[in-house]
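Listing of coords_2.txt, compact mmCIF, C-alpha atoms
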```
# COMPACT_ATOMS: atom_id res chain seq x y z
CA MET K 1 81.00 119.07 64.24
CA SER K 2 84.11 120.36 65.86
CA GLY K 3 84.73 123.68 64.09
CA THR K 4 87.93 125.06 65.54
CA ASN K 5 87.84 128.15 67.72
CA ASP K 6 90.10 130.64 65.91
CA ARG K 7 90.71 132.73 69.02
CA LEU K 8 92.04 129.67 70.82
CA VAL K 9 94.14 128.58 67.84
CA SER K 10 95.81 132.00 67.69
CA TRP K 11 96.46 132.12 71.44
CA THR K 12 100.03 131.62 72.63
CA GLU K 13 101.63 131.97 76.03
CA ASP K 14 103.37 135.14 74.75
CA GLU K 15 100.05 136.91 75.48
CA LEU K 16 100.62 136.35 79.17
CA GLY K 17 103.60 138.72 79.16
CA VAL K 18 105.45 136.83 81.89
CA THR K 19 108.08 134.10 81.78
CA GLY K 20 106.93 130.68 82.91
CA ARG K 21 108.88 128.76 85.53
CA VAL K 22 109.26 124.99 85.55
CA LEU K 23 107.58 123.63 88.68
CA ASP K 24 107.72 120.22 90.37
CA VAL K 25 104.84 117.88 89.50
CA VAL K 26 103.21 116.34 92.57
CA ARG K 27 102.13 112.71 92.72
CA ALA K 28 99.20 110.88 94.29
CA PRO K 29 98.41 110.52 97.16
CA ALA K 30 99.08 114.26 97.58
CA ALA K 31 95.89 115.74 99.06
CA VAL K 32 95.79 118.64 96.57
CA LEU K 33 95.05 116.13 93.78
CA SER K 34 91.88 115.01 95.56
CA THR K 35 90.62 118.47 96.48
CA ASP K 36 88.12 120.49 94.46
CA GLY K 37 90.04 123.47 93.08
CA VAL K 38 88.88 127.02 93.79
CA ARG K 39 87.58 129.23 91.00
CA VAL K 40 90.05 131.96 90.04
CA ASP K 41 90.07 135.52 88.75
CA PRO K 42 91.69 134.97 85.33
CA THR K 43 93.06 138.53 85.32
CA ALA K 44 94.85 138.24 88.67
CA PRO K 45 98.66 138.46 88.31
CA GLU K 46 99.22 135.21 90.23
CA VAL K 47 96.83 133.38 87.88
CA VAL K 48 98.63 134.78 84.83
CA GLN K 49 101.95 133.63 86.32
CA LEU K 50 100.47 130.20 87.12
CA ALA K 51 99.25 129.87 83.53
CA ALA K 52 102.74 130.59 82.24
CA ASP K 53 104.26 128.18 84.75
CA LEU K 54 101.90 125.39 83.68
CA VAL K 55 102.83 125.84 80.02
CA ALA K 56 106.57 125.96 80.86
CA THR K 57 106.31 122.79 82.95
CA MET K 58 104.27 121.00 80.29
CA ARG K 59 106.88 121.93 77.66
CA VAL K 60 109.77 120.28 79.51
CA SER K 61 107.84 117.13 80.49
CA PRO K 62 108.23 114.36 77.89
CA GLY K 63 104.93 113.20 76.43
CA CYS K 64 102.94 115.70 78.49
CA VAL K 65 99.83 116.93 76.62
CA GLY K 66 98.15 118.69 79.52
CA LEU K 67 98.83 119.90 83.04
CA ALA K 68 96.44 121.16 85.70
CA ALA K 69 97.17 123.49 88.62
CA PRO K 70 96.65 120.77 91.30
CA GLN K 71 99.45 118.81 89.63
CA VAL K 72 101.90 121.56 90.54
CA GLY K 73 100.46 121.79 94.04
CA VAL K 74 98.01 124.66 93.45
CA GLY K 75 94.37 123.87 94.27
CA SER K 76 92.71 126.03 91.64
CA LYS K 77 90.80 125.65 88.38
CA VAL K 78 93.49 126.39 85.80
CA PHE K 79 94.98 124.01 83.26
CA CYS K 80 96.93 124.00 80.01
CA VAL K 81 96.83 121.58 77.09
CA ASP K 82 98.67 121.06 73.84
CA VAL K 83 97.92 117.90 71.87
CA THR K 84 99.49 119.20 68.65
CA ASP K 85 102.15 116.54 68.23
CA HIS K 86 100.14 113.58 69.50
CA PRO K 87 99.42 110.92 66.87
CA LYS K 88 95.83 110.40 68.11
CA THR K 89 94.88 114.06 67.64
CA ARG K 90 92.15 114.93 65.14
CA THR K 91 91.04 118.43 66.00
CA GLY K 92 93.64 120.49 67.87
CA HIS K 93 93.81 124.10 69.06
CA GLY K 94 97.53 124.25 69.82
CA THR K 95 98.69 125.47 73.21
CA PHE K 96 96.13 127.14 75.43
CA VAL K 97 95.25 127.71 79.06
CA LEU K 98 91.73 127.81 80.46
CA CYS K 99 90.50 129.02 83.83
CA ASN K 100 87.27 127.91 85.58
CA ALA K 101 86.51 125.52 82.73
CA GLU K 102 83.56 123.15 82.64
CA VAL K 103 82.28 120.47 80.32
CA VAL K 104 78.97 121.73 78.88
CA GLU K 105 78.28 118.74 76.61
CA ALA K 106 80.00 115.37 76.21
CA THR K 107 78.68 112.87 73.68
CA ARG K 108 79.75 109.68 71.88
CA LYS K 109 81.50 108.10 74.80
CA GLU K 110 84.51 105.96 74.01
CA LYS K 111 86.81 103.97 76.22
CA ALA K 112 90.58 104.46 76.05
CA ARG K 113 93.59 103.92 78.26
CA GLU K 114 94.87 106.98 80.13
CA GLY K 115 98.00 107.76 82.05
CA CYS K 116 98.88 110.74 84.21
CA MET K 117 102.12 112.35 85.37
CA SER K 118 100.71 112.41 88.89
CA VAL K 119 100.04 108.65 88.85
CA PRO K 120 103.24 107.56 87.10
CA ASP K 121 103.09 103.81 87.70
CA LEU K 122 99.51 103.08 86.63
CA THR K 123 97.28 103.46 83.58
CA GLY K 124 93.54 102.82 83.34
CA ASP K 125 90.64 102.39 80.93
CA VAL K 126 88.34 105.41 81.09
CA LYS K 127 85.16 106.10 79.18
CA ARG K 128 84.80 109.73 78.11
CA GLY K 129 82.94 111.76 75.54
CA SER K 130 84.74 111.85 72.19
CA ARG K 131 82.93 115.09 71.30
CA VAL K 132 82.71 117.88 73.84
CA LEU K 133 81.73 121.47 74.29
CA VAL K 134 83.90 123.12 76.94
CA ARG K 135 83.48 126.59 78.37
CA GLY K 136 86.20 128.51 80.22
CA GLN K 137 88.10 131.79 80.45
CA LEU K 138 91.47 132.84 79.05
CA PRO K 139 94.08 133.89 81.61
CA GLY K 140 95.10 137.54 81.37
CA THR K 141 92.09 138.91 79.50
CA GLY K 142 89.40 136.81 81.16
CA GLU K 143 87.59 136.38 77.81
CA GLU K 144 84.98 133.64 77.89
CA ILE K 145 85.76 130.88 75.43
CA GLU K 146 83.60 128.07 74.12
CA VAL K 147 85.44 125.31 72.35
CA ARG K 148 84.04 122.31 70.52
CA THR K 149 86.53 119.57 69.94
CA ASP K 150 86.78 115.83 69.51
CA GLY K 151 88.98 112.78 69.84
CA PHE K 152 92.17 113.08 71.83
CA GLU K 153 91.85 116.80 72.59
CA ALA K 154 88.34 116.17 73.96
CA ARG K 155 89.69 113.41 76.22
CA CYS K 156 92.56 115.60 77.34
CA LEU K 157 90.23 118.49 78.25
CA GLN K 158 87.99 116.20 80.32
CA HIS K 159 91.03 114.73 82.10
CA GLU K 160 92.36 118.20 82.99
CA ILE K 161 88.97 119.56 84.06
CA ASP K 162 88.66 116.50 86.32
CA HIS K 163 92.02 117.44 87.90
CA CYS K 164 90.66 120.92 88.60
CA ASP K 165 87.66 119.31 90.31
CA GLY K 166 89.85 117.03 92.46
CA LEU K 167 89.35 113.87 90.41
CA LEU K 168 91.99 111.54 89.00
CA PHE K 169 91.45 109.09 86.14
CA LEU K 170 91.41 106.47 88.92
CA ASP K 171 88.00 107.90 89.92
CA ARG K 172 86.64 107.18 86.43
CA VAL K 173 88.04 103.75 85.52
CA ALA K 174 85.62 101.24 84.07
CA GLY K 175 85.90 98.45 86.62
CA ALA K 176 87.91 96.44 89.14
CA HIS K 177 90.33 95.19 86.48
CA ALA K 178 90.61 98.39 84.45
CA VAL K 179 93.89 99.59 86.00
CA TYR K 180 97.26 98.40 84.76
CA ALA K 181 100.90 98.70 85.77
CA ARG K 182 102.62 101.06 83.36
CA GLN K 183 105.12 99.11 81.30
CA THR K 184 107.10 101.94 79.75
CA TYR K 185 108.06 105.33 81.09
CA LEU K 186 108.25 108.37 78.86
CA MET B 1 79.18 69.84 78.39
CA THR B 2 79.98 72.40 81.03
CA ASP B 3 77.32 71.56 83.57
CA ALA B 4 78.04 67.85 83.99
CA GLY B 5 79.45 66.31 87.14
CA THR B 6 80.55 67.75 90.43
CA LEU B 7 82.16 71.14 90.86
CA HIS B 8 85.57 71.52 92.47
CA ALA B 9 87.25 74.72 93.61
CA ILE B 10 91.04 74.50 93.24
CA THR B 11 93.58 77.04 94.43
CA VAL B 12 97.24 77.17 93.48
CA VAL B 13 99.34 79.76 95.32
CA GLY B 14 103.07 80.28 95.66
CA HIS B 15 106.37 81.11 93.99
CA ASP B 16 105.89 82.16 90.39
CA ARG B 17 107.67 80.43 87.49
CA PRO B 18 106.80 79.69 83.86
CA GLY B 19 104.64 76.60 83.32
CA ILE B 20 102.40 76.49 86.39
CA ILE B 21 99.18 77.03 84.41
CA ALA B 22 100.19 74.54 81.72
CA GLU B 23 101.06 71.85 84.26
CA THR B 24 97.96 72.39 86.40
CA THR B 25 95.49 72.37 83.53
CA ASP B 26 97.19 69.42 81.82
CA ARG B 27 96.60 67.34 84.96
CA LEU B 28 92.98 68.48 85.15
CA ALA B 29 92.40 67.67 81.48
CA ALA B 30 93.85 64.20 81.98
CA LEU B 31 91.11 63.56 84.55
CA GLY B 32 88.46 64.77 82.09
CA LEU B 33 87.73 67.93 84.07
CA ASN B 34 86.26 70.96 82.37
CA ILE B 35 87.40 74.40 83.56
CA GLU B 36 84.30 76.55 84.10
CA ASP B 37 85.82 79.67 85.65
CA THR B 38 89.37 80.80 86.36
CA SER B 39 91.06 83.76 87.92
CA MET B 40 94.82 84.06 87.89
CA THR B 41 97.14 86.89 88.76
CA LEU B 42 100.44 87.81 90.36
CA LEU B 43 100.19 89.38 93.80
CA ARG B 44 103.43 91.13 94.74
CA GLY B 45 105.15 88.62 92.43
CA HIS B 46 103.43 85.58 93.95
CA PHE B 47 101.40 83.35 91.67
CA ALA B 48 97.71 83.05 92.72
CA MET B 49 95.14 81.03 90.77
CA THR B 50 91.63 79.86 91.55
CA LEU B 51 89.76 77.48 89.24
CA VAL B 52 86.27 76.04 89.34
CA CYS B 53 86.15 72.78 87.39
CA ALA B 54 83.43 70.25 86.65
CA GLY B 55 83.84 66.52 86.14
CA SER B 56 83.32 63.08 87.56
CA ALA B 57 86.64 62.81 89.43
CA SER B 58 86.58 62.93 93.23
CA ASP B 59 88.42 65.43 95.43
CA THR B 60 90.84 62.65 96.38
CA GLU B 61 91.64 61.83 92.76
CA LEU B 62 92.18 65.51 92.06
CA GLU B 63 94.43 65.99 95.06
CA GLY B 64 96.48 62.99 93.95
CA ALA B 65 96.82 64.27 90.41
CA LEU B 66 97.86 67.77 91.53
CA ALA B 67 100.18 66.66 94.36
CA PRO B 68 103.35 66.71 92.19
CA LEU B 69 102.87 70.47 91.71
CA ALA B 70 103.41 71.03 95.43
CA GLU B 71 106.25 68.51 95.82
CA ASP B 72 109.13 70.98 95.86
CA GLY B 73 107.39 73.12 98.50
CA THR B 74 107.12 76.30 96.40
CA LEU B 75 103.39 75.91 95.63
CA THR B 76 100.37 75.22 97.81
CA VAL B 77 97.44 73.43 96.17
CA THR B 78 93.98 72.96 97.69
CA VAL B 79 90.93 71.13 96.31
CA ARG B 80 87.39 71.32 97.60
CA GLU B 81 84.05 70.20 96.22
CA VAL B 82 81.60 73.10 95.98
CA PRO B 83 77.87 73.24 95.24
CA ARG B 84 76.47 74.80 92.09
CA GLU B 85 75.03 78.18 92.97
CA GLN B 86 72.88 80.72 91.20
CA SER B 87 73.90 84.30 91.74
CA PRO B 88 71.32 85.94 94.05
CA TYR B 89 72.25 89.36 92.64
CA GLU B 90 70.65 89.20 89.23
CA THR B 91 68.21 92.00 90.04
CA ALA B 92 70.90 94.16 91.61
CA SER B 93 72.33 97.34 90.14
CA ALA B 94 76.05 97.45 89.32
CA TRP B 95 78.40 100.11 90.69
CA VAL B 96 82.11 100.83 90.61
CA LEU B 97 83.76 101.99 93.82
CA THR B 98 87.19 103.68 93.79
CA VAL B 99 89.22 104.49 96.89
CA HIS B 100 92.70 106.00 96.69
CA GLY B 101 95.09 107.74 98.99
CA GLY B 102 97.98 107.21 101.36
CA ASP B 103 98.52 103.61 102.41
CA ARG B 104 97.49 102.51 105.91
CA PRO B 105 96.00 99.37 107.48
CA GLY B 106 92.21 99.03 107.57
CA ILE B 107 91.13 100.68 104.31
CA VAL B 108 89.59 97.57 102.74
CA SER B 109 87.83 96.42 105.91
CA ARG B 110 86.37 99.85 106.70
CA ILE B 111 85.06 100.47 103.18
CA ALA B 112 83.81 96.89 102.67
CA ALA B 113 81.89 97.16 105.97
CA GLU B 114 79.90 100.11 104.61
CA VAL B 115 78.97 98.14 101.48
CA ALA B 116 77.93 95.14 103.59
CA ARG B 117 75.86 97.36 105.89
CA VAL B 118 73.41 98.14 103.05
CA GLY B 119 73.31 94.54 101.83
CA GLY B 120 75.67 95.27 98.93
CA ASN B 121 77.81 92.48 97.55
CA ILE B 122 81.35 93.08 96.33
CA THR B 123 81.55 90.97 93.16
CA ASP B 124 85.08 91.88 92.15
CA LEU B 125 87.83 93.67 93.99
CA THR B 126 91.43 94.55 93.26
CA THR B 127 93.84 96.62 95.27
CA ARG B 128 97.20 98.03 94.27
CA LEU B 129 100.02 99.63 96.14
CA SER B 130 102.10 101.90 93.94
CA GLY B 131 104.75 103.77 95.89
CA ASP B 132 102.83 105.61 98.62
CA LEU B 133 99.56 105.39 96.69
CA TYR B 134 97.03 102.77 97.74
CA LEU B 135 94.21 102.07 95.29
CA LEU B 136 91.09 99.98 95.82
CA LEU B 137 88.72 99.22 92.95
CA ALA B 138 85.55 97.26 93.58
CA GLU B 139 82.55 96.27 91.55
CA VAL B 140 79.52 96.30 93.79
CA ALA B 141 76.05 94.79 93.34
CA LEU B 142 73.44 96.73 95.28
CA PRO B 143 69.93 95.48 96.04
CA ALA B 144 67.18 97.24 94.09
CA ASP B 145 65.97 99.03 97.22
CA ALA B 146 69.43 100.07 98.45
CA ASP B 147 69.91 103.67 99.56
CA VAL B 148 72.69 104.52 97.09
CA GLU B 149 73.06 108.12 98.23
CA GLY B 150 73.27 106.96 101.84
CA LEU B 151 75.95 104.44 100.92
CA GLU B 152 77.91 107.03 98.95
CA ARG B 153 77.81 109.38 101.94
CA ALA B 154 78.87 106.60 104.33
CA VAL B 155 81.72 105.52 102.06
CA LYS B 156 82.96 109.10 101.67
CA ASP B 157 82.75 109.67 105.44
CA ALA B 158 84.67 106.44 106.11
CA ALA B 159 87.25 107.41 103.50
CA GLU B 160 87.64 110.86 105.02
CA ALA B 161 88.22 109.33 108.45
CA LEU B 162 90.94 107.15 106.88
CA GLY B 163 92.49 110.14 105.11
CA VAL B 164 91.73 108.81 101.62
CA GLY B 165 89.28 109.71 98.85
CA ALA B 166 86.39 107.61 97.53
CA SER B 167 83.92 107.70 94.67
CA LEU B 168 80.94 105.50 93.77
CA ARG B 169 79.42 105.58 90.29
CA PRO B 170 77.20 103.37 88.14
CA ALA B 171 78.98 100.69 86.12
CA GLU B 172 78.32 101.61 82.51
CA ALA B 173 77.57 98.86 80.04
CA ASP B 174 77.82 99.24 76.28
CA GLU B 175 74.62 98.02 74.60
CA LEU B 176 75.50 96.97 71.10
```

Kindly present the structure from the file in structure tokens form.
Amino acid sequence: MSGTNDRLVSWTEDELGVTGRVLDVVRAPAAVLSTDGVRVDPTAPEVVQLAADLVATMRVSPGCVGLAAPQVGVGSKVFCVDVTDHPKTRTGHGTFVLCNAEVVEATRKEKAREGCMSVPDLTGDVKRGSRVLVRGQLPGTGEEIEVRTDGFEARCLQHEIDHCDGLLFLDRVAGAHAVYARQTYL
Amino acid sequence: MTDAGTLHAITVVGHDRPGIIAETTDRLAALGLNIEDTSMTLLRGHFAMTLVCAGSASDTELEGALAPLAEDGTLTVTVREVPREQSPYETASAWVLTVHGGDRPGIVSRIAAEVARVGGNITDLTTRLSGDLYLLLAEVALPADADVEGLERAVKDAAEALGVGASLRPAEADEL
């Protein structure tokens, strides 16, 4: 069962105490998107600022439900998500940022079509766990967080953690004909 | 009734317009041909179709029936009798290979050479060019005794030399 993590639900970017800046989103084939990100000190001021920047950039990007540091040109393991307003969301924890996150468990794999701001012209069918346990750290305090979630938020977390490890959804697609030209732009 | 008669491989390539598939298959049906396998797509806006059909008509009859399609010079049609073949890769394991990065000549040939070197067979391959991003997706059948780790290393090394990234992973099948 999912069982929301109350600490994560109550988290907002106000805790970071800095104002986020809107950054440019980089597109493939930028090398940073294919490079394993470095682990970070979640309490370091530049990581706190990066966390705020990711949230600010996500907020102004239409349809964006998650953004990872490599997508703004920073090769490190930090990402933000917010699937609150997405129609596919079951369990949701609102806006949050995780550092050094990893997927501990992923079960009940399901295939769905994914897009990505860094690969704007293509979408692809990707099989991912629909129930996950993810472990990471909050920026600022460095608290360790374990979050169980499902459905769209689970998919989003796996997509963003892949970004932090230098993988795009293109590295996970189901087969030779599982990539499609995007028909509509957000 | 799909295994009767001779097999013919037919290709239709050229300027795209509505109706090519309808016209081609109508002419094949009129000759009593059964379509056994088809692949059709648009490549940079150009129509490209390959069909394998079975029936009693000869190559010459087929060529005659399909000739009107090529009359205005916008389509090229070829017909060739082909033998029936069993796939030799039934005992192979299935893998998906992804390569993506900046576009440059030689990516397909360099990566495909590594697959061939271990006796792997590419059973399906698509490539896409999207802006500066070049993407290659291949389904690969590897012999049971293939050194998968060795191939993965070789593919990644080749990709690195080309300035692109590559990943090789098992093709997952849903058992229902």

Residues of chain B no more than 10 Å from chain K, counting only C-alpha atoms: send them over as a ChimeraX atom specification.
/B:95-103,123-140,163-174

Restrict the selected residues to C-alpha atoms and save them as a PDB file, keeping the file's coordinate frame.
```pdb
ATOM      1  CA  TRP B  95      78.400 100.110  90.690  1.00  0.00           C
ATOM      2  CA  VAL B  96      82.110 100.830  90.610  1.00  0.00           C
ATOM      3  CA  LEU B  97      83.760 101.990  93.820  1.00  0.00           C
ATOM      4  CA  THR B  98      87.190 103.680  93.790  1.00  0.00           C
ATOM      5  CA  VAL B  99      89.220 104.490  96.890  1.00  0.00           C
ATOM      6  CA  HIS B 100      92.700 106.000  96.690  1.00  0.00           C
ATOM      7  CA  GLY B 101      95.090 107.740  98.990  1.00  0.00           C
ATOM      8  CA  GLY B 102      97.980 107.210 101.360  1.00  0.00           C
ATOM      9  CA  ASP B 103      98.520 103.610 102.410  1.00  0.00           C
ATOM     10  CA  THR B 123      81.550  90.970  93.160  1.00  0.00           C
ATOM     11  CA  ASP B 124      85.080  91.880  92.150  1.00  0.00           C
ATOM     12  CA  LEU B 125      87.830  93.670  93.990  1.00  0.00           C
ATOM     13  CA  THR B 126      91.430  94.550  93.260  1.00  0.00           C
ATOM     14  CA  THR B 127      93.840  96.620  95.270  1.00  0.00           C
ATOM     15  CA  ARG B 128      97.200  98.030  94.270  1.00  0.00           C
ATOM     16  CA  LEU B 129     100.020  99.630  96.140  1.00  0.00           C
ATOM     17  CA  SER B 130     102.100 101.900  93.940  1.00  0.00           C
ATOM     18  CA  GLY B 131     104.750 103.770  95.890  1.00  0.00           C
ATOM     19  CA  ASP B 132     102.830 105.610  98.620  1.00  0.00           C
ATOM     20  CA  LEU B 133      99.560 105.390  96.690  1.00  0.00           C
ATOM     21  CA  TYR B 134      97.030 102.770  97.740  1.00  0.00           C
ATOM     22  CA  LEU B 135      94.210 102.070  95.290  1.00  0.00           C
ATOM     23  CA  LEU B 136      91.090  99.980  95.820  1.00  0.00           C
ATOM     24  CA  LEU B 137      88.720  99.220  92.950  1.00  0.00           C
ATOM     25  CA  ALA B 138      85.550  97.260  93.580  1.00  0.00           C
ATOM     26  CA  GLU B 139      82.550  96.270  91.550  1.00  0.00           C
ATOM     27  CA  VAL B 140      79.520  96.300  93.790  1.00  0.00           C
ATOM     28  CA  GLY B 163      92.490 110.140 105.110  1.00  0.00           C
ATOM     29  CA  VAL B 164      91.730 108.810 101.620  1.00  0.00           C
ATOM     30  CA  GLY B 165      89.280 109.710  98.850  1.00  0.00           C
ATOM     31  CA  ALA B 166      86.390 107.610  97.530  1.00  0.00           C
ATOM     32  CA  SER B 167      83.920 107.700  94.670  1.00  0.00           C
ATOM     33  CA  LEU B 168      80.940 105.500  93.770  1.00  0.00           C
ATOM     34  CA  ARG B 169      79.420 105.580  90.290  1.00  0.00           C
ATOM     35  CA  PRO B 170      77.200 103.370  88.140  1.00  0.00           C
ATOM     36  CA  ALA B 171      78.980 100.690  86.120  1.00  0.00           C
ATOM     37  CA  GLU B 172      78.320 101.610  82.510  1.00  0.00           C
ATOM     38  CA  ALA B 173      77.570  98.860  80.040  1.00  0.00           C
ATOM     39  CA  ASP B 174      77.820  99.240  76.280  1.00  0.00           C
TER      40      ASP B 174
END
```

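Put simply, atom CA of B:Leu7 is 10.6 Å away from atom CA of B:Asp37.
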
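With all atoms listed in the file as the basis for measurement, K:Val83 is the residue among K:Val126, K:Val132, K:Val32, K:Val83 that approaches K:Thr95 most closely.
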
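With only C-alpha atoms as the basis for measurement, B:Leu66 is the residue among B:Leu66, B:Leu176, B:Ile107, B:Leu151 that approaches B:Thr24 most closely.
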
Identify, on the basis of all atoms listed in the file, every residue whose closest approach to stretch 158-164 of chain K does not exceed 8 Å; exclude the query and any residue fewer than 5 positions from it along the same chain; express the result as a PDB file with C-alpha atoms, in the coordinates of the input.
```
ATOM      1  CA  LEU K  33      95.050 116.130  93.780  1.00  0.00           C
ATOM      2  CA  ASP K  36      88.120 120.490  94.460  1.00  0.00           C
ATOM      3  CA  GLY K  37      90.040 123.470  93.080  1.00  0.00           C
ATOM      4  CA  GLY K  66      98.150 118.690  79.520  1.00  0.00           C
ATOM      5  CA  LEU K  67      98.830 119.900  83.040  1.00  0.00           C
ATOM      6  CA  ALA K  68      96.440 121.160  85.700  1.00  0.00           C
ATOM      7  CA  ALA K  69      97.170 123.490  88.620  1.00  0.00           C
ATOM      8  CA  PRO K  70      96.650 120.770  91.300  1.00  0.00           C
ATOM      9  CA  GLN K  71      99.450 118.810  89.630  1.00  0.00           C
ATOM     10  CA  GLY K  75      94.370 123.870  94.270  1.00  0.00           C
ATOM     11  CA  SER K  76      92.710 126.030  91.640  1.00  0.00           C
ATOM     12  CA  LYS K  77      90.800 125.650  88.380  1.00  0.00           C
ATOM     13  CA  VAL K  78      93.490 126.390  85.800  1.00  0.00           C
ATOM     14  CA  PHE K  79      94.980 124.010  83.260  1.00  0.00           C
ATOM     15  CA  CYS K  80      96.930 124.000  80.010  1.00  0.00           C
ATOM     16  CA  ALA K 101      86.510 125.520  82.730  1.00  0.00           C
ATOM     17  CA  GLU K 102      83.560 123.150  82.640  1.00  0.00           C
ATOM     18  CA  VAL K 103      82.280 120.470  80.320  1.00  0.00           C
ATOM     19  CA  ARG K 128      84.800 109.730  78.110  1.00  0.00           C
ATOM     20  CA  PHE K 169      91.450 109.090  86.140  1.00  0.00           C
TER      21      PHE K 169
END
```

For a cutoff of 10 Å around the file-coordinate point (94.9, 78.0, 97.7), which residues qualify once you count only C-alpha atoms? I'd like the result as a PyMOL selection string.
chain B and resi 9-14+48-51+75-79

Restricted to C-alpha atoms, what would the selected residues look like written as a JSON list (two decimals), keeping the file's coordinate frame?
```json
[["chain", "number", "residue", "atom", "x", "y", "z"],
["B", 9, "ALA", "CA", 87.25, 74.72, 93.61],
["B", 10, "ILE", "CA", 91.04, 74.50, 93.24],
["B", 11, "THR", "CA", 93.58, 77.04, 94.43],
["B", 12, "VAL", "CA", 97.24, 77.17, 93.48],
["B", 13, "VAL", "CA", 99.34, 79.76, 95.32],
["B", 14, "GLY", "CA", 103.07, 80.28, 95.66],
["B", 48, "ALA", "CA", 97.71, 83.05, 92.72],
["B", 49, "MET", "CA", 95.14, 81.03, 90.77],
["B", 50, "THR", "CA", 91.63, 79.86, 91.55],
["B", 51, "LEU", "CA", 89.76, 77.48, 89.24],
["B", 75, "LEU", "CA", 103.39, 75.91, 95.63],
["B", 76, "THR", "CA", 100.37, 75.22, 97.81],
["B", 77, "VAL", "CA", 97.44, 73.43, 96.17],
["B", 78, "THR", "CA", 93.98, 72.96, 97.69],
["B", 79, "VAL", "CA", 90.93, 71.13, 96.31]]
```

Have a look at atom CA of K:Leu133 and atom CA of K:Arg155 and let me know their distance in Å, one decimal.
11.5 Å

What is the distance between atom CA of B:Ala159 and atom CA of B:Asp147, in Å to one decimal?
18.2 Å

What lies within 9 Å of B:Val82 using all atoms listed in the file, ignoring chain neighbours under 2 positions off, as number ranges by chain?
B: 6-9, 52, 80, 84-85

Contacts of K:Asp24 within 12 Å, all atoms listed in the file, excl. fewer than 5 positions in-chain, as JSON, numbers by chain
{"K": [53, 54, 56, 57, 58, 60, 61, 67, 69, 70, 71, 72, 73, 74, 117, 118]}

Using the file's own x, y and z axes, so that the box edges lie along x, y and z, what centre and edge lengths in Å (one decimal) does a box around every listed atom of stretch 20-27 of chain B get when 5 Å is added on each side? Give it as AutoDock Vina command-line options.
```
--center_x 98.9 --center_y 72.2 --center_z 84.1 --size_x 16.9 --size_y 19.7 --size_z 14.7
```

Write out as an NGL selection string each polymer residue whose atoms come within 12 Å of K:Lys88, counting all atoms listed in the file; drop sequence neighbours fewer than 3 positions from it.
:K and (65 or 83-85 or 91-92 or 112 or 130 or 150-156)
